[in-house]
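Pasting entry26.pdb here (PDB, N, CA and C atoms):
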ATOM      1  N   MET F 291       1.097  52.665  34.022
ATOM      2  CA  MET F 291      -0.081  52.044  34.567
ATOM      3  C   MET F 291      -0.357  52.678  35.924
ATOM      4  N   ARG F 292      -1.607  52.860  36.238
ATOM      5  CA  ARG F 292      -2.018  53.422  37.524
ATOM      6  C   ARG F 292      -2.636  52.336  38.378
ATOM      7  N   LEU F 293      -2.209  52.274  39.634
ATOM      8  CA  LEU F 293      -2.788  51.331  40.588
ATOM      9  C   LEU F 293      -3.330  52.093  41.777
ATOM     10  N   ARG F 294      -4.425  51.606  42.314
ATOM     11  CA  ARG F 294      -5.041  52.218  43.491
ATOM     12  C   ARG F 294      -4.928  51.233  44.651
ATOM     13  N   ASN F 295      -4.458  51.722  45.796
ATOM     14  CA  ASN F 295      -4.350  50.840  46.964
ATOM     15  C   ASN F 295      -5.684  50.782  47.705
ATOM     16  N   SER F 296      -5.717  50.022  48.790
ATOM     17  CA  SER F 296      -6.965  49.817  49.526
ATOM     18  C   SER F 296      -7.473  51.097  50.186
ATOM     19  N   LYS F 297      -6.595  52.099  50.376
ATOM     20  CA  LYS F 297      -7.006  53.376  50.965
ATOM     21  C   LYS F 297      -7.486  54.366  49.912
ATOM     22  N   GLY F 298      -7.470  53.958  48.641
ATOM     23  CA  GLY F 298      -7.962  54.819  47.575
ATOM     24  C   GLY F 298      -6.904  55.704  46.941
ATOM     25  N   ARG F 299      -5.663  55.603  47.375
ATOM     26  CA  ARG F 299      -4.585  56.406  46.777
ATOM     27  C   ARG F 299      -4.111  55.759  45.485
ATOM     28  N   GLU F 300      -3.888  56.591  44.472
ATOM     29  CA  GLU F 300      -3.410  56.098  43.186
ATOM     30  C   GLU F 300      -1.971  56.535  42.957
ATOM     31  N   ARG F 301      -1.204  55.649  42.322
ATOM     32  CA  ARG F 301       0.185  55.954  41.973
ATOM     33  C   ARG F 301       0.478  55.382  40.603
ATOM     34  N   ASN F 302       1.471  55.973  39.949
ATOM     35  CA  ASN F 302       1.901  55.481  38.644
ATOM     36  C   ASN F 302       3.001  54.445  38.814
ATOM     37  N   PHE F 303       2.917  53.391  38.031
ATOM     38  CA  PHE F 303       3.912  52.339  38.014
ATOM     39  C   PHE F 303       4.251  52.020  36.568
ATOM     40  N   LYS F 304       5.437  51.494  36.368
ATOM     41  CA  LYS F 304       5.886  51.098  35.047
ATOM     42  C   LYS F 304       5.720  49.585  34.922
ATOM     43  N   LEU F 305       4.940  49.142  33.943
ATOM     44  CA  LEU F 305       4.723  47.719  33.721
ATOM     45  C   LEU F 305       5.977  47.129  33.087
ATOM     46  N   ILE F 306       6.546  46.112  33.727
ATOM     47  CA  ILE F 306       7.770  45.485  33.253
ATOM     48  C   ILE F 306       7.469  44.199  32.487
ATOM     49  N   LEU F 307       6.591  43.368  33.037
ATOM     50  CA  LEU F 307       6.350  42.055  32.455
ATOM     51  C   LEU F 307       4.955  41.566  32.812
ATOM     52  N   LYS F 308       4.319  40.899  31.865
ATOM     53  CA  LYS F 308       3.018  40.275  32.104
ATOM     54  C   LYS F 308       3.146  38.802  31.731
ATOM     55  N   LEU F 309       2.867  37.913  32.680
ATOM     56  CA  LEU F 309       2.952  36.467  32.470
ATOM     57  C   LEU F 309       1.576  35.841  32.616
ATOM     58  N   GLU F 310       1.305  34.865  31.783
ATOM     59  CA  GLU F 310       0.058  34.118  31.916
ATOM     60  C   GLU F 310       0.403  32.652  32.080
ATOM     61  N   LYS F 311      -0.083  32.050  33.157
ATOM     62  CA  LYS F 311       0.140  30.634  33.443
ATOM     63  C   LYS F 311      -1.205  30.039  33.823
ATOM     64  N   GLU F 312      -1.627  29.041  33.043
ATOM     65  CA  GLU F 312      -2.932  28.418  33.225
ATOM     66  C   GLU F 312      -3.995  29.510  33.183
ATOM     67  N   ASN F 313      -4.773  29.711  34.224
ATOM     68  CA  ASN F 313      -5.811  30.753  34.227
ATOM     69  C   ASN F 313      -5.403  31.973  35.038
ATOM     70  N   ASN F 314      -4.121  32.084  35.378
ATOM     71  CA  ASN F 314      -3.649  33.195  36.199
ATOM     72  C   ASN F 314      -2.812  34.167  35.376
ATOM     73  N   THR F 315      -2.934  35.447  35.703
ATOM     74  CA  THR F 315      -2.129  36.481  35.071
ATOM     75  C   THR F 315      -1.296  37.152  36.157
ATOM     76  N   TYR F 316       0.013  37.180  35.941
ATOM     77  CA  TYR F 316       0.941  37.807  36.878
ATOM     78  C   TYR F 316       1.563  39.016  36.206
ATOM     79  N   ILE F 317       1.771  40.064  36.986
ATOM     80  CA  ILE F 317       2.456  41.232  36.448
ATOM     81  C   ILE F 317       3.625  41.594  37.354
ATOM     82  N   VAL F 318       4.688  42.074  36.726
ATOM     83  CA  VAL F 318       5.853  42.601  37.429
ATOM     84  C   VAL F 318       5.898  44.076  37.059
ATOM     85  N   TYR F 319       6.001  44.920  38.055
ATOM     86  CA  TYR F 319       5.952  46.360  37.812
ATOM     87  C   TYR F 319       6.947  47.085  38.701
ATOM     88  N   GLN F 320       7.302  48.311  38.292
ATOM     89  CA  GLN F 320       8.280  49.114  39.012
ATOM     90  C   GLN F 320       7.644  50.403  39.498
ATOM     91  N   ASP F 321       7.928  50.747  40.747
ATOM     92  CA  ASP F 321       7.497  52.023  41.307
ATOM     93  C   ASP F 321       8.390  53.105  40.708
ATOM     94  N   ILE F 322       7.804  54.034  39.999
ATOM     95  CA  ILE F 322       8.556  55.081  39.318
ATOM     96  C   ILE F 322       9.285  55.978  40.318
ATOM     97  N   ASN F 323       8.677  56.225  41.468
ATOM     98  CA  ASN F 323       9.270  57.143  42.456
ATOM     99  C   ASN F 323      10.451  56.526  43.203
ATOM    100  N   THR F 324      10.340  55.255  43.584
ATOM    101  CA  THR F 324      11.384  54.635  44.403
ATOM    102  C   THR F 324      12.313  53.718  43.625
ATOM    103  N   GLY F 325      11.875  53.233  42.461
ATOM    104  CA  GLY F 325      12.677  52.298  41.675
ATOM    105  C   GLY F 325      12.517  50.856  42.126
ATOM    106  N   ASN F 326      11.686  50.584  43.130
ATOM    107  CA  ASN F 326      11.476  49.224  43.624
ATOM    108  C   ASN F 326      10.598  48.430  42.657
ATOM    109  N   TYR F 327      10.853  47.119  42.611
ATOM    110  CA  TYR F 327      10.080  46.216  41.763
ATOM    111  C   TYR F 327       9.123  45.393  42.617
ATOM    112  N   TYR F 328       7.943  45.101  42.056
ATOM    113  CA  TYR F 328       6.916  44.335  42.744
ATOM    114  C   TYR F 328       6.283  43.359  41.757
ATOM    115  N   ALA F 329       5.608  42.350  42.295
ATOM    116  CA  ALA F 329       4.868  41.409  41.456
ATOM    117  C   ALA F 329       3.541  41.099  42.141
ATOM    118  N   GLY F 330       2.548  40.801  41.341
ATOM    119  CA  GLY F 330       1.244  40.462  41.884
ATOM    120  C   GLY F 330       0.449  39.627  40.903
ATOM    121  N   LYS F 331      -0.622  39.036  41.402
ATOM    122  CA  LYS F 331      -1.523  38.232  40.584
ATOM    123  C   LYS F 331      -2.772  39.057  40.322
ATOM    124  N   LYS F 332      -3.110  39.202  39.049
ATOM    125  CA  LYS F 332      -4.254  40.020  38.668
ATOM    126  C   LYS F 332      -5.506  39.158  38.586
ATOM    127  N   LYS F 333      -6.522  39.553  39.337
ATOM    128  CA  LYS F 333      -7.837  38.900  39.306
ATOM    129  C   LYS F 333      -8.872  39.986  39.081
ATOM    130  N   GLY F 334      -9.393  40.038  37.864
ATOM    131  CA  GLY F 334     -10.340  41.096  37.534
ATOM    132  C   GLY F 334      -9.640  42.441  37.583
ATOM    133  N   LYS F 335     -10.156  43.329  38.398
ATOM    134  CA  LYS F 335      -9.536  44.644  38.552
ATOM    135  C   LYS F 335      -8.630  44.733  39.772
ATOM    136  N   LYS F 336      -8.474  43.623  40.492
ATOM    137  CA  LYS F 336      -7.663  43.617  41.713
ATOM    138  C   LYS F 336      -6.310  42.978  41.465
ATOM    139  N   LEU F 337      -5.322  43.454  42.194
ATOM    140  CA  LEU F 337      -3.986  42.889  42.168
ATOM    141  C   LEU F 337      -3.741  42.252  43.523
ATOM    142  N   LEU F 338      -3.567  40.937  43.528
ATOM    143  CA  LEU F 338      -3.440  40.180  44.760
ATOM    144  C   LEU F 338      -1.987  39.847  45.065
ATOM    145  N   ILE F 339      -1.713  39.578  46.324
ATOM    146  CA  ILE F 339      -0.388  39.179  46.770
ATOM    147  C   ILE F 339      -0.117  37.761  46.270
ATOM    148  N   ILE F 340       1.119  37.506  45.846
ATOM    149  CA  ILE F 340       1.479  36.175  45.378
ATOM    150  C   ILE F 340       2.065  35.350  46.517
ATOM    151  N   ASP F 341       1.898  34.026  46.414
ATOM    152  CA  ASP F 341       2.470  33.148  47.434
ATOM    153  C   ASP F 341       3.900  32.752  47.034
ATOM    154  N   ASP F 342       4.560  31.961  47.855
ATOM    155  CA  ASP F 342       5.964  31.608  47.625
ATOM    156  C   ASP F 342       6.165  30.822  46.328
ATOM    157  N   ASP F 343       5.257  29.901  46.004
ATOM    158  CA  ASP F 343       5.380  29.131  44.766
ATOM    159  C   ASP F 343       5.285  30.033  43.538
ATOM    160  N   GLU F 344       4.358  30.979  43.583
ATOM    161  CA  GLU F 344       4.200  31.915  42.472
ATOM    162  C   GLU F 344       5.418  32.831  42.364
ATOM    163  N   LYS F 345       5.954  33.247  43.491
ATOM    164  CA  LYS F 345       7.153  34.089  43.490
ATOM    165  C   LYS F 345       8.326  33.337  42.883
ATOM    166  N   ASN F 346       8.477  32.061  43.242
ATOM    167  CA  ASN F 346       9.552  31.246  42.679
ATOM    168  C   ASN F 346       9.390  31.081  41.172
ATOM    169  N   TYR F 347       8.162  30.890  40.701
ATOM    170  CA  TYR F 347       7.899  30.768  39.269
ATOM    171  C   TYR F 347       8.333  32.044  38.538
ATOM    172  N   ILE F 348       7.958  33.192  39.058
ATOM    173  CA  ILE F 348       8.317  34.466  38.424
ATOM    174  C   ILE F 348       9.826  34.674  38.470
ATOM    175  N   ASP F 349      10.451  34.382  39.606
ATOM    176  CA  ASP F 349      11.906  34.532  39.725
ATOM    177  C   ASP F 349      12.644  33.658  38.711
ATOM    178  N   LYS F 350      12.212  32.403  38.557
ATOM    179  CA  LYS F 350      12.847  31.500  37.595
ATOM    180  C   LYS F 350      12.665  31.999  36.168
ATOM    181  N   TYR F 351      11.486  32.523  35.866
ATOM    182  CA  TYR F 351      11.216  33.055  34.533
ATOM    183  C   TYR F 351      12.120  34.257  34.252
ATOM    184  N   LEU F 352      12.221  35.168  35.197
ATOM    185  CA  LEU F 352      13.068  36.341  35.034
ATOM    186  C   LEU F 352      14.535  35.950  34.906
ATOM    187  N   GLU F 353      14.942  34.931  35.621
ATOM    188  CA  GLU F 353      16.323  34.445  35.559
ATOM    189  C   GLU F 353      16.632  33.898  34.163
ATOM    190  N   ARG F 354      15.673  33.160  33.586
ATOM    191  CA  ARG F 354      15.874  32.602  32.242
ATOM    192  C   ARG F 354      15.986  33.678  31.181
ATOM    193  N   ILE F 355      15.173  34.719  31.263
ATOM    194  CA  ILE F 355      15.208  35.732  30.206
ATOM    195  C   ILE F 355      16.349  36.721  30.386
ATOM    196  N   SER F 356      16.908  36.811  31.598
ATOM    197  CA  SER F 356      18.013  37.744  31.816
ATOM    198  C   SER F 356      19.348  37.135  31.382
ATOM    199  N   GLY F 357      19.373  35.837  31.179
ATOM    200  CA  GLY F 357      20.563  35.195  30.645
ATOM    201  C   GLY F 357      21.366  34.605  31.696
TER     202      GLY F 357
END
Show me, as C-alpha coordinates, the structure contained in the file I just sent.
Amino acid sequence: MRLRNSKGRERNFKLILKLEKENNTYIVYQDINTGNYYAGKKKGKKLLIIDDDEKNYIDKYLERISG
(Lines of atoms letter the chains of each structure in order from A and count residues from 1; the text may use other names and numbers.)
(Lines give C-alpha, C1' and ligand atoms only; values in the text may rest on other atoms or scores of the structure.)
Protein backbone atom coordinates (compact mmCIF):
# COMPACT_ATOMS: atom_id res chain seq x y z
CA MET A 1 0.00 0.00 0.00
CA ARG A 2 1.23 3.51 -0.76
CA LEU A 3 0.64 6.41 1.60
CA ARG A 4 1.32 10.08 0.98
CA ASN A 5 2.22 12.39 3.86
CA SER A 6 1.18 16.03 4.21
CA LYS A 7 4.34 17.15 2.35
CA GLY A 8 3.39 15.07 -0.69
CA ARG A 9 6.01 12.34 -0.22
CA GLU A 10 4.87 8.79 -0.92
CA ARG A 11 6.18 5.62 0.70
CA ASN A 12 5.32 1.94 0.54
CA PHE A 13 3.87 0.23 3.59
CA LYS A 14 2.76 -3.31 4.27
CA LEU A 15 -0.88 -3.60 5.37
CA ILE A 16 -1.04 -5.83 8.45
CA LEU A 17 -4.63 -5.54 9.67
CA LYS A 18 -7.87 -3.74 8.85
CA LEU A 19 -10.48 -3.37 11.62
CA GLU A 20 -13.98 -2.00 11.36
CA LYS A 21 -15.78 -0.81 14.49
CA GLU A 22 -19.13 0.94 14.19
CA ASN A 23 -18.57 3.48 11.37
CA ASN A 24 -14.79 3.67 11.77
CA THR A 25 -12.09 1.81 9.86
CA TYR A 26 -8.69 1.32 11.48
CA ILE A 27 -5.59 0.01 9.78
CA VAL A 28 -2.34 -1.33 11.19
CA TYR A 29 0.58 -1.13 8.81
CA GLN A 30 4.35 -1.65 8.75
CA ASP A 31 7.02 0.61 7.30
CA ILE A 32 8.93 -1.64 4.90
CA ASN A 33 12.16 0.36 5.26
CA THR A 34 12.35 0.61 9.06
CA GLY A 35 10.18 -2.31 10.22
CA ASN A 36 8.16 -0.01 12.53
CA TYR A 37 4.43 -0.58 13.00
CA TYR A 38 1.79 2.17 12.94
CA ALA A 39 -1.98 2.45 13.23
CA GLY A 40 -4.44 5.04 12.01
CA LYS A 41 -8.10 5.75 11.41
CA LYS A 42 -9.13 5.92 7.77
CA LYS A 43 -11.60 8.65 6.79
CA GLY A 44 -12.14 8.78 3.06
CA LYS A 45 -8.71 9.05 1.50
CA LYS A 46 -7.06 10.39 4.67
CA LEU A 47 -5.40 8.48 7.48
CA LEU A 48 -5.92 10.20 10.81
CA ILE A 49 -4.12 9.90 14.13
CA ILE A 50 -5.87 7.68 16.66
CA ASP A 51 -6.62 8.71 20.23
CA ASP A 52 -5.76 6.72 23.38
CA ASP A 53 -9.10 4.85 23.50
CA GLU A 54 -8.73 3.76 19.89
CA LYS A 55 -5.13 2.71 20.51
CA ASN A 56 -6.23 0.61 23.49
CA TYR A 57 -8.95 -1.04 21.38
CA ILE A 58 -6.43 -2.00 18.68
CA ASP A 59 -3.87 -3.20 21.25
CA LYS A 60 -6.47 -5.42 22.96
CA TYR A 61 -7.57 -6.83 19.60
CA LEU A 62 -3.98 -7.62 18.60
CA GLU A 63 -3.36 -9.20 22.00
CA ARG A 64 -6.37 -11.51 21.56
CA ILE A 65 -5.36 -12.73 18.11
CA SER A 66 -1.70 -13.22 19.02
CA GLY A 67 -2.66 -15.69 21.73
Review point. Taking into account only C-alpha atoms, which residue in the set F:Ser356, F:Ser296, F:Asn302, F:Gln320 is nearest to Leu337 (chain F)?
Key: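 When distances to Leu337 (chain F) are compared using only C-alpha atoms, the smallest one comes from F:Ser296.
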Exercise for review: Identify all residues satisfying the PyMOL selection byres (((chain F and resi 330 and name CA) around 9) and name CA) in the given file; provide them as a ChimeraX atom specification.
Suggested key: /F:315-319,328-329,331-332,337-340,345
Need the shell around Phe303 (chain F): protein/DNA/RNA residues with any atom at most 6.5 Å away, counting only N, CA and C atoms. Skip same-chain ones fewer than 2 positions apart. Format as a PDB file with N, CA and C atoms, keeping the file's coordinate frame?
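Listed below is the output, result_31.pdb:
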ATOM      1  N   MET F 291       1.097  52.665  34.022  1.00  0.00           N
ATOM      2  CA  MET F 291      -0.081  52.044  34.567  1.00  0.00           C
ATOM      3  C   MET F 291      -0.357  52.678  35.924  1.00  0.00           C
ATOM      4  N   ARG F 292      -1.607  52.860  36.238  1.00  0.00           N
ATOM      5  CA  ARG F 292      -2.018  53.422  37.524  1.00  0.00           C
ATOM      6  C   ARG F 292      -2.636  52.336  38.378  1.00  0.00           C
ATOM      7  N   LEU F 293      -2.209  52.274  39.634  1.00  0.00           N
ATOM      8  CA  LEU F 293      -2.788  51.331  40.588  1.00  0.00           C
ATOM      9  C   LEU F 293      -3.330  52.093  41.777  1.00  0.00           C
ATOM     10  N   ARG F 301      -1.204  55.649  42.322  1.00  0.00           N
ATOM     11  CA  ARG F 301       0.185  55.954  41.973  1.00  0.00           C
ATOM     12  C   ARG F 301       0.478  55.382  40.603  1.00  0.00           C
ATOM     13  N   LEU F 305       4.940  49.142  33.943  1.00  0.00           N
ATOM     14  CA  LEU F 305       4.723  47.719  33.721  1.00  0.00           C
ATOM     15  C   LEU F 305       5.977  47.129  33.087  1.00  0.00           C
ATOM     16  N   TYR F 319       6.001  44.920  38.055  1.00  0.00           N
ATOM     17  CA  TYR F 319       5.952  46.360  37.812  1.00  0.00           C
ATOM     18  C   TYR F 319       6.947  47.085  38.701  1.00  0.00           C
ATOM     19  N   GLN F 320       7.302  48.311  38.292  1.00  0.00           N
ATOM     20  CA  GLN F 320       8.280  49.114  39.012  1.00  0.00           C
ATOM     21  C   GLN F 320       7.644  50.403  39.498  1.00  0.00           C
ATOM     22  N   ASP F 321       7.928  50.747  40.747  1.00  0.00           N
ATOM     23  CA  ASP F 321       7.497  52.023  41.307  1.00  0.00           C
ATOM     24  C   ASP F 321       8.390  53.105  40.708  1.00  0.00           C
ATOM     25  N   ILE F 322       7.804  54.034  39.999  1.00  0.00           N
ATOM     26  CA  ILE F 322       8.556  55.081  39.318  1.00  0.00           C
ATOM     27  C   ILE F 322       9.285  55.978  40.318  1.00  0.00           C
TER      28      ILE F 322
END
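Here CA of Lys350 (chain F) and atom C of Asn295 (chain F) stand 28.6 Å from one another.
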Please, which residues of region 300-354 of chain F, numbered as in this document, come out helix (DSSP H, G or I) from DSSP, as a PDB file with N, CA and C atoms, in the frame of the given file?
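After the write, out-v8.pdb holds the following:
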ATOM      1  N   ASP F 342       4.560  31.961  47.855  1.00  0.00           N
ATOM      2  CA  ASP F 342       5.964  31.608  47.625  1.00  0.00           C
ATOM      3  C   ASP F 342       6.165  30.822  46.328  1.00  0.00           C
ATOM      4  N   ASP F 343       5.257  29.901  46.004  1.00  0.00           N
ATOM      5  CA  ASP F 343       5.380  29.131  44.766  1.00  0.00           C
ATOM      6  C   ASP F 343       5.285  30.033  43.538  1.00  0.00           C
ATOM      7  N   GLU F 344       4.358  30.979  43.583  1.00  0.00           N
ATOM      8  CA  GLU F 344       4.200  31.915  42.472  1.00  0.00           C
ATOM      9  C   GLU F 344       5.418  32.831  42.364  1.00  0.00           C
ATOM     10  N   LYS F 345       5.954  33.247  43.491  1.00  0.00           N
ATOM     11  CA  LYS F 345       7.153  34.089  43.490  1.00  0.00           C
ATOM     12  C   LYS F 345       8.326  33.337  42.883  1.00  0.00           C
ATOM     13  N   ASN F 346       8.477  32.061  43.242  1.00  0.00           N
ATOM     14  CA  ASN F 346       9.552  31.246  42.679  1.00  0.00           C
ATOM     15  C   ASN F 346       9.390  31.081  41.172  1.00  0.00           C
ATOM     16  N   TYR F 347       8.162  30.890  40.701  1.00  0.00           N
ATOM     17  CA  TYR F 347       7.899  30.768  39.269  1.00  0.00           C
ATOM     18  C   TYR F 347       8.333  32.044  38.538  1.00  0.00           C
ATOM     19  N   ILE F 348       7.958  33.192  39.058  1.00  0.00           N
ATOM     20  CA  ILE F 348       8.317  34.466  38.424  1.00  0.00           C
ATOM     21  C   ILE F 348       9.826  34.674  38.470  1.00  0.00           C
ATOM     22  N   ASP F 349      10.451  34.382  39.606  1.00  0.00           N
ATOM     23  CA  ASP F 349      11.906  34.532  39.725  1.00  0.00           C
ATOM     24  C   ASP F 349      12.644  33.658  38.711  1.00  0.00           C
ATOM     25  N   LYS F 350      12.212  32.403  38.557  1.00  0.00           N
ATOM     26  CA  LYS F 350      12.847  31.500  37.595  1.00  0.00           C
ATOM     27  C   LYS F 350      12.665  31.999  36.168  1.00  0.00           C
ATOM     28  N   TYR F 351      11.486  32.523  35.866  1.00  0.00           N
ATOM     29  CA  TYR F 351      11.216  33.055  34.533  1.00  0.00           C
ATOM     30  C   TYR F 351      12.120  34.257  34.252  1.00  0.00           C
ATOM     31  N   LEU F 352      12.221  35.168  35.197  1.00  0.00           N
ATOM     32  CA  LEU F 352      13.068  36.341  35.034  1.00  0.00           C
ATOM     33  C   LEU F 352      14.535  35.950  34.906  1.00  0.00           C
ATOM     34  N   GLU F 353      14.942  34.931  35.621  1.00  0.00           N
ATOM     35  CA  GLU F 353      16.323  34.445  35.559  1.00  0.00           C
ATOM     36  C   GLU F 353      16.632  33.898  34.163  1.00  0.00           C
ATOM     37  N   ARG F 354      15.673  33.160  33.586  1.00  0.00           N
ATOM     38  CA  ARG F 354      15.874  32.602  32.242  1.00  0.00           C
ATOM     39  C   ARG F 354      15.986  33.678  31.181  1.00  0.00           C
TER      40      ARG F 354
END
Review point. Quick one: of F:Gly298, F:Lys304, F:Asp342, F:Arg354, who's nearest to Thr324 (chain F), counting only C-alpha atoms?
Key: F:Lys304
Review point. Restricting the calculation to only C-alpha atoms, which member of F:Arg299, F:Asn313, F:Leu307, F:Arg294 is positioned closest to Ile355 (chain F)?
Key: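 Residue with the minimum atom-to-atom distance to Ile355 (chain F): F:Leu307.
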Check your understanding: Could you state the separation of atom N of Glu344 (chain F) and CA of Lys308 (chain F) in Å, given to one decimal place?
Key ->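 Value for the atom N of Glu344 (chain F)-CA of Lys308 (chain F) distance: 14.8 Å.
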Exercise for review: From the DSSP assignment of the backbone, select every residue of chain F that is strand (DSSP E), and format the answer as a PyMOL selection string.
Suggested key: chain F and resi 292-294+300-311+314-321+327-333+336-338
